[in-house]
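Engineer: See protein.txt below, with compact mmCIF, C-alpha atoms.
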```txt
# COMPACT_ATOMS: atom_id res chain seq x y z
CA MET R 5 -38.30 6.20 70.06
CA SER R 6 -37.81 4.23 66.95
CA VAL R 7 -34.65 4.86 64.98
CA PHE R 8 -36.74 4.60 61.82
CA LYS R 9 -38.94 7.53 62.82
CA ASP R 10 -39.00 10.11 60.04
CA ALA R 11 -36.74 7.85 57.91
CA GLY R 12 -39.27 7.37 55.10
CA HIS R 13 -37.37 9.73 52.79
CA LEU R 14 -34.23 7.57 53.19
CA PHE R 15 -36.13 4.42 52.16
CA ARG R 16 -37.62 6.21 49.16
CA PHE R 17 -34.14 7.33 48.17
CA ALA R 18 -32.75 3.81 48.62
CA GLY R 19 -35.63 2.52 46.51
CA LEU R 20 -34.67 4.95 43.78
CA PHE R 21 -31.11 3.61 43.86
CA VAL R 22 -32.31 0.04 43.54
CA LEU R 23 -34.59 1.00 40.65
CA ALA R 24 -31.80 2.89 38.90
CA PHE R 25 -29.51 -0.12 39.33
CA LEU R 26 -32.10 -2.43 37.81
CA VAL R 27 -32.56 -0.04 34.87
CA PHE R 28 -28.76 0.01 34.48
CA LEU R 29 -28.66 -3.80 34.40
CA VAL R 30 -31.43 -3.96 31.79
CA VAL R 31 -29.83 -1.29 29.58
CA ARG R 32 -26.43 -2.93 29.96
CA HIS R 33 -27.89 -6.28 28.93
CA TYR R 34 -29.09 -4.80 25.65
CA VAL R 35 -26.17 -2.46 24.94
CA VAL R 36 -23.15 -4.70 25.63
CA PRO R 37 -22.65 -7.18 22.77
CA LYS R 38 -23.22 -10.82 23.69
CA SER R 39 -19.67 -11.97 23.06
CA PHE R 40 -18.00 -9.03 24.84
CA GLY R 41 -15.69 -10.41 27.50
CA GLN R 42 -15.70 -13.95 26.09
CA TYR R 43 -11.88 -13.92 25.76
CA GLY R 44 -11.02 -10.50 27.16
CA HIS R 45 -12.03 -6.87 27.03
CA TYR R 46 -13.31 -7.08 23.46
CA ARG R 47 -16.03 -8.62 21.34
CA GLY R 48 -15.15 -12.30 20.80
CA ALA R 49 -17.36 -12.49 17.71
CA ALA R 50 -15.10 -9.93 15.99
CA MET R 51 -12.52 -12.64 15.27
CA GLY R 52 -15.07 -14.71 13.36
CA GLU R 53 -16.07 -11.65 11.35
CA ILE R 54 -12.46 -10.83 10.49
CA ALA R 55 -11.84 -14.46 9.55
CA ALA R 56 -14.86 -14.34 7.21
CA HIS R 57 -13.08 -11.87 4.87
CA PRO R 58 -12.89 -13.51 1.43
CA VAL R 59 -9.61 -15.07 0.32
CA LYS R 60 -8.31 -13.76 -3.01
CA PHE R 61 -4.85 -15.30 -3.30
CA VAL R 62 -5.98 -18.90 -3.39
CA GLY R 63 -2.50 -20.39 -3.02
CA HIS R 64 -0.42 -22.43 -5.45
CA ASP R 65 -1.99 -25.72 -4.37
CA THR R 66 -5.30 -24.64 -5.90
CA CYS R 67 -3.62 -23.62 -9.17
CA GLU R 68 -1.69 -26.88 -9.37
CA GLY R 69 -4.93 -28.82 -9.11
CA CYS R 70 -5.65 -28.01 -12.76
CA HIS R 71 -2.30 -26.80 -14.09
CA ALA R 72 -0.15 -29.72 -12.98
CA ASP R 73 1.84 -29.63 -16.25
CA VAL R 74 2.99 -26.07 -15.60
CA ALA R 75 3.73 -26.91 -11.98
CA ASP R 76 6.02 -29.76 -13.09
CA VAL R 77 7.96 -27.48 -15.45
CA LYS R 78 8.26 -24.84 -12.75
CA LYS R 79 9.42 -27.29 -10.08
CA ALA R 80 12.35 -28.33 -12.26
CA GLY R 81 13.50 -24.77 -12.88
CA LYS R 82 14.95 -21.84 -10.99
CA HIS R 83 11.54 -20.36 -10.28
CA ALA R 84 10.44 -23.41 -8.28
CA HIS R 85 10.03 -21.31 -5.13
CA VAL R 86 8.07 -18.52 -6.87
CA ASN R 87 4.36 -19.06 -6.31
CA CYS R 88 1.92 -18.82 -9.24
CA GLU R 89 0.13 -15.73 -7.97
CA ALA R 90 3.41 -13.87 -7.38
CA CYS R 91 3.42 -13.24 -11.16
CA HIS R 92 -0.14 -13.92 -12.31
CA GLY R 93 -1.81 -12.02 -9.47
CA ALA R 94 -4.84 -13.10 -7.49
CA LEU R 95 -7.35 -14.89 -9.69
CA VAL R 96 -10.28 -13.87 -7.56
CA GLU R 97 -11.69 -10.46 -8.43
CA ARG R 98 -14.46 -8.24 -7.30
CA LEU R 99 -17.12 -7.13 -9.74
CA PRO R 100 -16.35 -3.48 -10.40
CA ASN R 101 -19.74 -1.94 -9.57
CA PRO R 102 -21.49 -3.38 -6.55
CA GLU R 103 -25.25 -3.26 -6.53
CA GLN R 104 -26.19 -0.83 -3.79
CA PRO R 105 -28.97 -2.17 -1.57
CA LYS R 106 -31.66 0.47 -1.01
CA PRO R 107 -31.60 1.48 2.66
CA ASN R 108 -34.88 1.52 4.58
CA LEU R 109 -35.93 4.41 6.83
CA TYR R 110 -34.29 2.93 9.92
CA GLU R 111 -31.01 2.33 8.11
CA ARG R 112 -31.05 5.88 6.75
CA MET R 113 -31.56 7.27 10.24
CA VAL R 114 -28.74 5.15 11.64
CA ALA R 115 -26.54 6.30 8.72
CA LEU R 116 -26.96 9.88 9.92
CA ILE R 117 -25.09 8.95 13.09
CA VAL R 118 -22.87 6.07 11.94
CA PRO R 119 -22.17 6.03 8.18
CA PRO R 120 -22.36 2.45 6.86
CA PHE R 121 -19.29 0.71 5.46
CA PRO R 122 -19.24 0.68 1.66
CA PRO R 123 -20.84 -2.57 0.45
CA ASP R 124 -18.67 -5.36 -0.91
CA SER R 125 -19.38 -6.47 -4.44
CA PRO R 126 -19.55 -10.19 -5.28
CA LEU R 127 -16.40 -12.17 -6.02
CA LEU R 128 -15.53 -13.98 -9.22
CA ARG R 129 -13.25 -17.00 -8.87
CA HIS R 130 -11.10 -18.36 -11.66
CA ALA R 131 -10.77 -21.71 -9.91
CA GLU R 132 -14.55 -22.17 -9.87
CA ASP R 133 -15.38 -20.64 -13.24
CA PRO R 134 -12.28 -20.18 -15.43
CA ALA R 135 -14.20 -17.94 -17.84
CA SER R 136 -15.22 -15.45 -15.14
CA VAL R 137 -11.73 -14.18 -14.38
CA LYS R 138 -9.31 -14.27 -17.29
CA PRO R 139 -5.73 -14.16 -16.10
CA VAL R 140 -3.82 -11.43 -17.89
CA LEU R 141 -0.70 -12.76 -19.56
CA PRO R 142 1.97 -10.76 -17.73
CA ASP R 143 4.13 -8.48 -19.87
CA THR R 144 7.61 -9.91 -19.33
CA ALA R 145 9.24 -6.52 -19.97
CA VAL R 146 7.55 -5.26 -16.78
CA LEU R 147 7.28 -8.50 -14.82
CA CYS R 148 10.85 -9.73 -15.17
CA ALA R 149 12.34 -6.25 -14.83
CA ARG R 150 10.61 -5.73 -11.53
CA CYS R 151 12.79 -8.36 -9.88
CA HIS R 152 15.79 -8.68 -12.18
CA THR R 153 16.70 -5.09 -13.11
CA ALA R 154 20.23 -4.49 -11.84
CA SER R 155 20.46 -2.20 -8.84
CA ALA R 156 23.22 -1.65 -6.32
CA ALA R 157 20.57 -2.02 -3.63
CA LYS R 158 19.75 -5.65 -4.45
CA PRO R 159 21.48 -8.58 -2.76
CA LYS R 160 24.71 -9.33 -4.64
CA GLY R 161 23.92 -12.99 -5.27
CA PHE R 162 20.56 -12.29 -6.90
CA PRO R 163 20.59 -12.60 -10.73
CA GLN R 164 20.18 -9.11 -12.15
CA VAL R 165 20.76 -7.45 -15.52
CA VAL R 166 20.47 -4.04 -17.16
CA PRO R 167 17.52 -4.90 -19.48
CA ALA R 168 18.51 -2.46 -22.27
CA ASP R 169 22.04 -3.89 -22.55
CA HIS R 170 21.09 -7.48 -21.85
CA SER R 171 18.45 -8.14 -24.49
CA GLN R 172 18.82 -5.26 -26.98
CA GLY R 173 15.09 -4.65 -26.72
CA LEU R 174 14.02 -8.26 -27.30
CA PRO R 175 11.26 -9.48 -24.97
CA CYS R 176 12.62 -11.60 -22.11
CA GLU R 177 10.63 -14.70 -23.10
CA THR R 178 12.48 -14.93 -26.41
CA CYS R 179 15.26 -16.67 -24.48
CA HIS R 180 13.91 -17.31 -20.98
CA LYS R 181 10.62 -19.11 -20.45
CA PRO R 182 9.24 -17.57 -17.25
CA HIS R 183 8.16 -20.90 -15.72
CA SER R 184 11.68 -22.26 -16.05
CA PRO R 185 13.98 -19.42 -17.01
CA GLY R 186 17.27 -21.31 -17.44
CA MET R 187 18.61 -21.09 -21.04
CA ASP R 188 18.87 -24.87 -21.18
CA ALA R 189 15.26 -25.32 -20.16
CA GLY R 190 13.58 -24.96 -23.53
CA GLY R 191 14.16 -21.31 -24.31
CA ALA R 192 15.56 -20.29 -27.73
CA LYS R 193 19.29 -20.68 -27.92
CA MET A 105 -54.54 -30.72 16.35
CA ASN A 106 -53.90 -34.34 17.13
CA ILE A 107 -50.33 -35.50 17.48
CA SER A 108 -49.74 -39.11 18.25
CA ARG A 109 -47.11 -40.32 20.69
CA ARG A 110 -45.17 -41.70 17.71
CA GLN A 111 -45.08 -38.26 16.03
CA ILE A 112 -43.91 -36.61 19.23
CA MET A 113 -41.07 -39.12 19.53
CA VAL A 114 -39.90 -38.05 16.06
CA LEU A 115 -40.54 -34.33 16.42
CA LEU A 116 -38.89 -33.75 19.79
CA PRO A 117 -35.35 -34.80 18.84
CA ALA A 118 -35.68 -32.88 15.56
CA ALA A 119 -36.74 -29.77 17.49
CA ALA A 120 -33.86 -30.29 19.94
CA ILE A 121 -31.34 -30.40 17.08
CA ALA A 122 -32.89 -27.33 15.47
CA TRP A 123 -32.75 -25.50 18.82
CA LYS A 124 -29.09 -26.41 19.21
CA TYR A 125 -28.34 -24.67 15.89
CA VAL A 126 -30.37 -21.63 16.91
CA LEU A 127 -28.37 -21.38 20.14
CA ALA A 128 -25.08 -21.84 18.34
CA GLY A 129 -25.78 -18.77 16.19
CA THR A 130 -23.65 -18.24 13.09
CA PRO A 131 -21.68 -21.32 12.18
CA GLU A 132 -17.95 -20.91 12.72
CA GLU A 133 -15.88 -20.04 9.68
CA SER A 134 -13.06 -22.46 10.35
CA PRO A 135 -14.34 -25.37 12.40
CA ASN A 136 -10.97 -27.17 12.51
CA TYR A 137 -9.03 -24.16 13.69
CA LYS A 138 -8.23 -23.99 17.41
CA MET A 139 -6.96 -20.64 18.60
CA SER A 140 -5.21 -22.12 21.60
CA GLU A 141 -2.92 -24.19 19.35
CA HIS A 142 -1.31 -21.22 17.56
CA TRP A 143 0.83 -18.21 18.35
CA TRP A 144 1.49 -16.41 15.10
CA SER A 145 4.53 -14.41 14.11
CA MET A 146 6.50 -13.57 10.99
CA LEU A 147 10.09 -13.94 9.91
CA ILE A 148 11.68 -11.39 7.58
CA ASP A 149 14.90 -12.55 5.99
CA ILE A 150 16.46 -9.22 5.00
CA PRO A 151 19.30 -10.63 2.83
CA LYS A 152 16.64 -12.26 0.62
CA CYS A 153 14.51 -9.16 0.00
CA ILE A 154 14.93 -7.68 -3.48
CA GLY A 155 12.46 -4.81 -3.06
CA CYS A 156 10.11 -5.94 -5.85
CA GLY A 157 7.00 -4.72 -4.00
CA ASN A 158 5.05 -7.94 -4.64
CA CYS A 159 4.07 -8.13 -0.96
CA VAL A 160 2.69 -4.59 -0.93
CA ARG A 161 0.59 -5.18 -4.04
CA ALA A 162 -0.63 -8.56 -2.81
CA CYS A 163 -1.65 -7.11 0.55
CA GLN A 164 -3.53 -4.31 -1.15
CA THR A 165 -5.45 -6.74 -3.37
CA GLU A 166 -6.16 -9.28 -0.67
CA ASN A 167 -7.32 -6.84 1.97
CA ASP A 168 -8.89 -4.07 -0.14
CA VAL A 169 -6.36 -1.57 1.21
CA PRO A 170 -7.11 1.90 -0.24
CA ASP A 171 -4.52 3.61 -2.45
CA GLY A 172 -1.95 5.59 -0.51
CA TYR A 173 -2.43 3.53 2.66
CA PHE A 174 -0.36 0.51 3.63
CA ARG A 175 -0.73 -2.48 5.88
CA THR A 176 2.74 -3.50 4.79
CA TRP A 177 5.39 -1.50 2.98
CA VAL A 178 9.04 -1.81 2.02
CA GLU A 179 11.78 0.68 2.91
CA ARG A 180 15.16 0.94 1.23
CA TYR A 181 18.05 1.98 3.44
CA HIS A 182 21.30 3.46 2.22
CA VAL A 183 24.10 3.98 4.68
CA SER A 184 26.86 5.90 2.95
CA ASP A 185 30.56 5.14 3.30
CA TRP A 186 31.08 8.49 4.98
CA LYS A 187 28.58 7.63 7.72
CA MET A 188 30.20 4.29 8.33
CA THR A 189 33.71 5.74 8.49
CA ASN A 190 32.71 8.62 10.78
CA PRO A 191 30.74 6.87 13.51
CA GLU A 192 31.71 9.50 16.12
CA VAL A 193 29.97 12.23 14.07
CA VAL A 194 26.91 10.07 13.35
CA MET A 195 26.55 8.97 16.97
CA ASN A 196 26.51 12.58 18.20
CA ASN A 197 24.12 13.80 15.52
CA PRO A 198 20.88 11.90 15.44
CA MET A 199 19.87 14.02 12.47
CA ILE A 200 22.46 12.26 10.34
CA ALA A 201 20.32 9.20 9.76
CA PRO A 202 20.63 6.68 6.96
CA GLU A 203 18.85 7.66 3.79
CA VAL A 204 15.50 5.85 3.70
CA ILE A 205 13.11 5.82 0.76
CA SER A 206 9.78 4.09 0.25
CA PRO A 207 8.13 5.49 -2.89
CA ASP A 208 4.40 4.63 -2.70
CA GLY A 209 5.29 2.08 -0.04
CA GLY A 210 7.60 0.33 -2.50
CA LYS A 211 4.52 -0.92 -4.32
CA GLU A 212 6.03 -0.53 -7.78
CA GLY A 213 9.57 -1.32 -6.73
CA PHE A 214 12.40 1.16 -6.27
CA PRO A 215 14.44 3.42 -8.54
CA VAL A 216 17.71 1.87 -9.66
CA ALA A 217 20.48 2.63 -7.18
CA THR A 218 23.47 3.89 -9.11
CA ASP A 219 25.62 4.98 -6.18
CA GLU A 220 27.67 1.89 -5.46
CA SER A 221 29.23 3.28 -2.30
CA GLY A 222 28.02 2.41 1.17
CA LYS A 223 25.54 -0.34 1.86
CA TYR A 224 21.97 -0.85 0.82
CA PHE A 225 19.27 -3.12 2.10
CA PHE A 226 15.48 -3.43 2.02
CA VAL A 227 13.37 -3.61 5.15
CA PRO A 228 9.79 -4.84 4.68
CA LYS A 229 7.60 -3.53 7.47
CA LEU A 230 4.23 -4.52 8.82
CA CYS A 231 2.40 -4.74 12.12
CA ASN A 232 4.70 -6.47 14.59
CA HIS A 233 1.78 -8.22 16.31
CA CYS A 234 3.33 -7.32 19.66
CA ALA A 235 2.68 -9.63 22.57
CA ASP A 236 2.44 -6.59 24.86
CA SER A 237 1.05 -4.12 22.41
CA PRO A 238 0.75 -0.40 23.22
CA CYS A 239 -2.00 0.08 20.62
CA THR A 240 -4.40 -2.33 22.30
CA GLN A 241 -3.73 -0.79 25.70
CA VAL A 242 -4.87 2.70 24.71
CA CYS A 243 -8.15 1.73 23.03
CA PRO A 244 -10.91 3.30 25.13
CA VAL A 245 -13.66 0.91 24.00
CA GLY A 246 -11.99 -2.47 23.56
CA ALA A 247 -12.16 -2.35 19.78
CA THR A 248 -8.60 -3.52 19.27
CA PHE A 249 -7.16 -6.52 21.00
CA ILE A 250 -4.62 -9.32 20.92
CA SER A 251 -6.42 -12.49 19.92
CA PRO A 252 -5.71 -15.70 21.85
CA ASP A 253 -3.56 -16.85 18.90
CA GLY A 254 -1.34 -13.77 19.11
CA VAL A 255 -2.68 -11.54 16.34
CA VAL A 256 -3.43 -7.87 16.96
CA LEU A 257 -6.84 -7.20 15.41
CA VAL A 258 -9.33 -4.36 15.07
CA ASP A 259 -13.06 -4.87 15.61
CA GLN A 260 -14.16 -2.39 12.98
CA LYS A 261 -17.81 -2.54 14.03
CA TYR A 262 -16.85 -1.43 17.51
CA CYS A 263 -14.10 1.08 16.66
CA LEU A 264 -14.93 4.77 17.16
CA GLY A 265 -12.12 6.02 14.93
CA CYS A 266 -10.53 8.09 17.71
CA ALA A 267 -7.06 7.21 16.40
CA TYR A 268 -5.43 6.83 19.81
CA CYS A 269 -4.05 3.51 18.63
CA VAL A 270 -2.63 5.14 15.49
CA GLN A 271 -0.61 7.43 17.74
CA ALA A 272 0.31 4.69 20.18
CA CYS A 273 1.87 2.31 17.64
CA PRO A 274 5.64 2.90 17.77
CA TYR A 275 6.03 1.35 14.32
CA GLY A 276 3.49 3.48 12.42
CA CYS A 277 1.54 0.41 11.34
CA ARG A 278 -2.00 1.77 11.74
CA TYR A 279 -4.08 4.26 9.82
CA ILE A 280 -7.64 5.52 9.76
CA HIS A 281 -9.45 3.98 6.79
CA PRO A 282 -10.52 6.89 4.56
CA GLU A 283 -13.96 5.43 3.78
CA LYS A 284 -14.81 3.42 6.88
CA LYS A 285 -13.36 6.08 9.24
CA VAL A 286 -12.13 3.39 11.61
CA ALA A 287 -8.68 2.08 12.49
CA ASP A 288 -7.24 -0.37 9.99
CA LYS A 289 -4.07 -2.44 10.07
CA CYS A 290 -2.42 -5.72 9.12
CA THR A 291 -4.51 -8.65 10.36
CA LEU A 292 -1.70 -11.07 9.50
CA CYS A 293 -4.31 -12.23 6.96
CA TYR A 294 -6.35 -13.69 9.83
CA HIS A 295 -8.94 -14.88 7.29
CA ARG A 296 -6.22 -16.93 5.57
CA ILE A 297 -4.15 -18.28 8.45
CA THR A 298 -7.27 -19.61 10.16
CA LYS A 299 -7.98 -21.62 7.00
CA GLY A 300 -4.50 -23.13 6.78
CA LEU A 301 -3.20 -20.72 4.12
CA THR A 302 -0.20 -18.45 4.47
CA THR A 303 -0.54 -14.66 4.35
CA ALA A 304 -0.99 -12.92 0.98
CA CYS A 305 2.41 -11.20 1.29
CA CYS A 306 4.20 -14.49 1.99
CA GLU A 307 2.29 -16.17 -0.86
CA ALA A 308 3.39 -13.45 -3.28
CA CYS A 309 7.01 -13.07 -2.11
CA PRO A 310 9.18 -14.53 -4.91
CA THR A 311 12.31 -15.05 -2.80
CA GLY A 312 10.91 -16.38 0.47
CA ALA A 313 12.04 -13.24 2.32
CA ARG A 314 8.82 -13.29 4.33
CA GLN A 315 7.67 -16.38 6.14
CA LEU A 316 4.66 -16.84 8.35
CA ALA A 317 5.62 -18.67 11.54
CA ASP A 318 3.65 -20.38 14.25
CA LEU A 319 5.64 -20.23 17.48
CA LYS A 320 3.40 -22.80 19.16
CA ASP A 321 4.01 -25.39 16.44
CA PRO A 322 7.08 -27.40 17.46
CA LYS A 323 7.57 -28.51 13.84
CA ASP A 324 7.68 -24.96 12.47
CA PRO A 325 11.09 -24.18 10.89
CA ILE A 326 11.10 -20.85 12.78
CA HIS A 327 12.53 -22.57 15.87
CA GLU A 328 15.55 -23.91 14.02
CA PHE A 329 15.99 -20.54 12.31
CA LEU A 330 15.92 -18.59 15.58
CA LYS A 331 18.52 -20.96 17.01
CA THR A 332 20.96 -20.64 14.13
CA HIS A 333 20.66 -16.99 13.04
CA SER A 334 21.18 -13.53 14.47
CA VAL A 335 17.61 -12.37 14.70
CA GLN A 336 16.37 -9.04 16.00
CA VAL A 337 13.03 -7.27 16.39
CA LEU A 338 12.37 -3.58 15.67
CA LYS A 339 12.72 -1.14 18.58
CA PRO A 340 13.40 -3.76 21.25
CA GLN A 341 13.90 -0.91 23.74
CA MET A 342 10.14 -0.24 23.55
CA ALA A 343 9.48 -3.63 25.22
CA THR A 344 6.45 -4.23 23.05
CA GLY A 345 7.14 -7.93 22.63
CA ALA A 346 7.26 -7.54 18.85
CA LYS A 347 6.82 -10.87 17.04
CA VAL A 348 8.10 -9.93 13.58
CA TYR A 349 11.65 -11.29 13.57
CA TYR A 350 14.23 -9.74 11.26
CA ASN A 351 17.21 -11.80 10.20
CA ASP A 352 20.43 -9.81 9.71
CA LEU A 353 18.87 -6.50 10.72
CA ASP A 354 21.25 -3.55 10.45
CA GLY A 355 21.72 -1.37 13.52
CA SER A 356 20.73 1.74 11.59
CA VAL A 357 17.14 0.57 11.08
CA ARG A 358 14.61 2.55 13.08
```
Can you present the structure in this file as structure tokens?

Structural biologist:
Amino acid sequence: MSVFKDAGHLFRFAGLFVLAFLVFLVVRHYVVPKSFGQYGHYRGAAMGEIAAHPVKFVGHDTCEGCHADVADVKKAGKHAHVNCEACHGALVERLPNPEQPKPNLYERMVALIVPPFPPDSPLLRHAEDPASVKPVLPDTAVLCARCHTASAAKPKGFPQVVPADHSQGLPCETCHKPHSPGMDAGGAK
Amino acid sequence: MNISRRQIMVLLPAAAIAWKYVLAGTPEESPNYKMSEHWWSMLIDIPKCIGCGNCVRACQTENDVPDGYFRTWVERYHVSDWKMTNPEVVMNNPMIAPEVISPDGGKEGFPVATDESGKYFFVPKLCNHCADSPCTQVCPVGATFISPDGVVLVDQKYCLGCAYCVQACPYGCRYIHPEKKVADKCTLCYHRITKGLTTACCEACPTGARQLADLKDPKDPIHEFLKTHSVQVLKPQMATGAKVYYNDLDGSVR
């Protein structure tokens, strides 16, 4: 008597398992992103996408490329270690109203399940087109006060004043030029 | 179509080069950057921080952080004289904590402190980019991870927004983005450091209280600093391997 007698149902069942496994492999191939597992249990391509985020604070080296005269004045003064964009802000801006791309039917259906991220509007760069982003001349009453207003909480060695008593309402730049704030550095005496 | 042997000799290498680019996919953003050569961290020099909020504003601009959410923020601590002179009472009453304020994350600075008594100091906070991070361990789908160069990142295309990681972070450094509905956090300006720039917060800090450091770079000044200063990390008892080093950190900081 053969051991395989009446075992046809077992083979059919085993065949089903094999088929299901193959279907699993095929589905898995399409569902798991290509770079998943490249470095670990995550999508390796994500790092490239995060690194592709646009830079807005371009760094003082870029500013000094054109404004070397200001950089020289600043280097000689007490604000030598304060970077340009610490006061002037990032000179790369986004256009306020991004143009919304019209979604097609497929995208609208996907959006029902996974809402899309809001689109990014284009960037304007002062370093590439100085007219596109006009740096706002900082208001010294706000700018200087932010760091130099006297407060018991600030480090004792840091230069700080009570603005109302110190200048009697005069704007800071009357005496202190922000790029080189020492009184002997060109400010009015 | 007739193609001569000469034409094939020209076309084949051209096709091979084209195929190479197809296989390579999207060109890499920073071709000169090698992840294996870096291990990023940050140094916070507390005695230098003046609480101006430049870092918070810069981070918000650079990373499109929505209002009311923070990837970095500044806290102001005030430990009163009474608390310092009555340590036995303070030790037995955890509720008697130092007074901590962070109005709007310190974005527009802090109110003037008029009470001269006690001690004050500012503590800038951000993701600690832990080497053994609890937030990455709880992610059920592998959407948050520690990159090979030591930065804790979120794959926002893969994130489900379940917020387990938000709960897991002992430092409160994560939030759910109100529009994208996925986890968001400090990337240590990954898009900047991979291009050779410093982070936006370090770029905007007027006193040098924040410094980006590369622990794998033997020439980085961080090594000399760690040797010569009393440096601490936040919540060392959590064993997270935090990589944001605080110089002169007060024991009352939580």

Engineer: Report the distance between atom CA of Asp10 of chain R and atom CA of Leu26 of chain R in Å, rounded to one decimal place.

Structural biologist: 26.4 Å

Engineer: Please determine an axis-aligned box that encloses all atoms of segment 243-249 of chain A listed in the file, with 4 Å added on each side, and express its centre and edge lengths in Å to one decimal as JSON.

Structural biologist:
```
{"center_x": -10.4, "center_y": -1.6, "center_z": 22.2, "size_x": 14.5, "size_y": 17.8, "size_z": 13.9}
```

Engineer: Kindly provide the residues of chain A that approach chain R to within 6 Å, each paired with its closest atom pair and their distance in Å to one decimal, based on only C-alpha atoms, listed by chain and increasing number, as CSV.

Structural biologist:
```
residue,atom,partner,partner_atom,distance
A:Ile154,CA,R:Lys158,CA,5.3
A:Cys156,CA,R:Cys151,CA,5.4
A:Glu166,CA,R:Lys60,CA,5.5
A:Val216,CA,R:Ser155,CA,5.0
A:Ala217,CA,R:Ser155,CA,5.1
A:Glu220,CA,R:Ala156,CA,5.8
A:Tyr224,CA,R:Ala157,CA,4.8
A:Phe225,CA,R:Ala157,CA,6.0
A:Gly246,CA,R:Tyr46,CA,4.8
A:Asp259,CA,R:Ala50,CA,5.5
A:Lys284,CA,R:Phe121,CA,5.4
A:Tyr294,CA,R:Ala55,CA,5.6
A:His295,CA,R:Ala55,CA,3.7
A:Ala308,CA,R:Ala90,CA,4.1
A:Pro310,CA,R:Val86,CA,4.6
```

Engineer: Got a sec: who's within 10 Å of Ala343 of chain A, counting only C-alpha atoms, leaving out chain neighbours fewer than 3 positions off, as a PyMOL selection string?

Structural biologist: chain A and resi 234-238+338-340+346

Engineer: Quick one: residues within 9 Å of Cys159 of chain A, only C-alpha atoms counted, chain neighbours fewer than 3 positions away excluded, as a list in words?

Structural biologist: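 Answer for this query is Ala90 of chain R; Cys156, Ala162, Cys163, Gln164, Thr176, Trp177, Val178, Lys211, Pro228, Ala304, Cys305, Cys306, Glu307, Ala308, Cys309 and Arg314 of chain A.
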
Engineer: Report, in Å with one decimal, the straight-line distance from atom CA of His13 of chain R to atom CA of Arg32 of chain R.

Structural biologist: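 Calculated distance between atom CA of His13 of chain R and atom CA of Arg32 of chain R is 28.3 Å.
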
Engineer: Grab the atom CA of Val7 of chain R to atom CA of Gly19 of chain R distance for me, in Å with one decimal place.

Structural biologist: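 Value for the atom CA of Val7 of chain R-atom CA of Gly19 of chain R distance: 18.6 Å.
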
Engineer: Using only C-alpha atoms, which protein or nucleic acid residues come within 6 Å of Val255 of chain A? Drop anything in the same chain fewer than 4 positions from it, and give the result as a ChimeraX atom specification.

Structural biologist: /A:233,250-251

Engineer: Write out as a PyMOL selection string each polymer residue whose atoms come within 12 Å of Pro207 of chain A, counting only C-alpha atoms; drop sequence neighbours fewer than 2 positions from it.

Structural biologist: chain A and resi 155-157+160+172+174+177-180+204-205+209-215

Engineer: Nearest to Pro252 of chain A among A:Thr311, A:Ser140, A:Asn190, A:Asn106, with distances taken over only C-alpha atoms: which residue is it?

Structural biologist: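 Nearest candidate to Pro252 of chain A out of A:Thr311, A:Ser140, A:Asn190, A:Asn106: A:Ser140.
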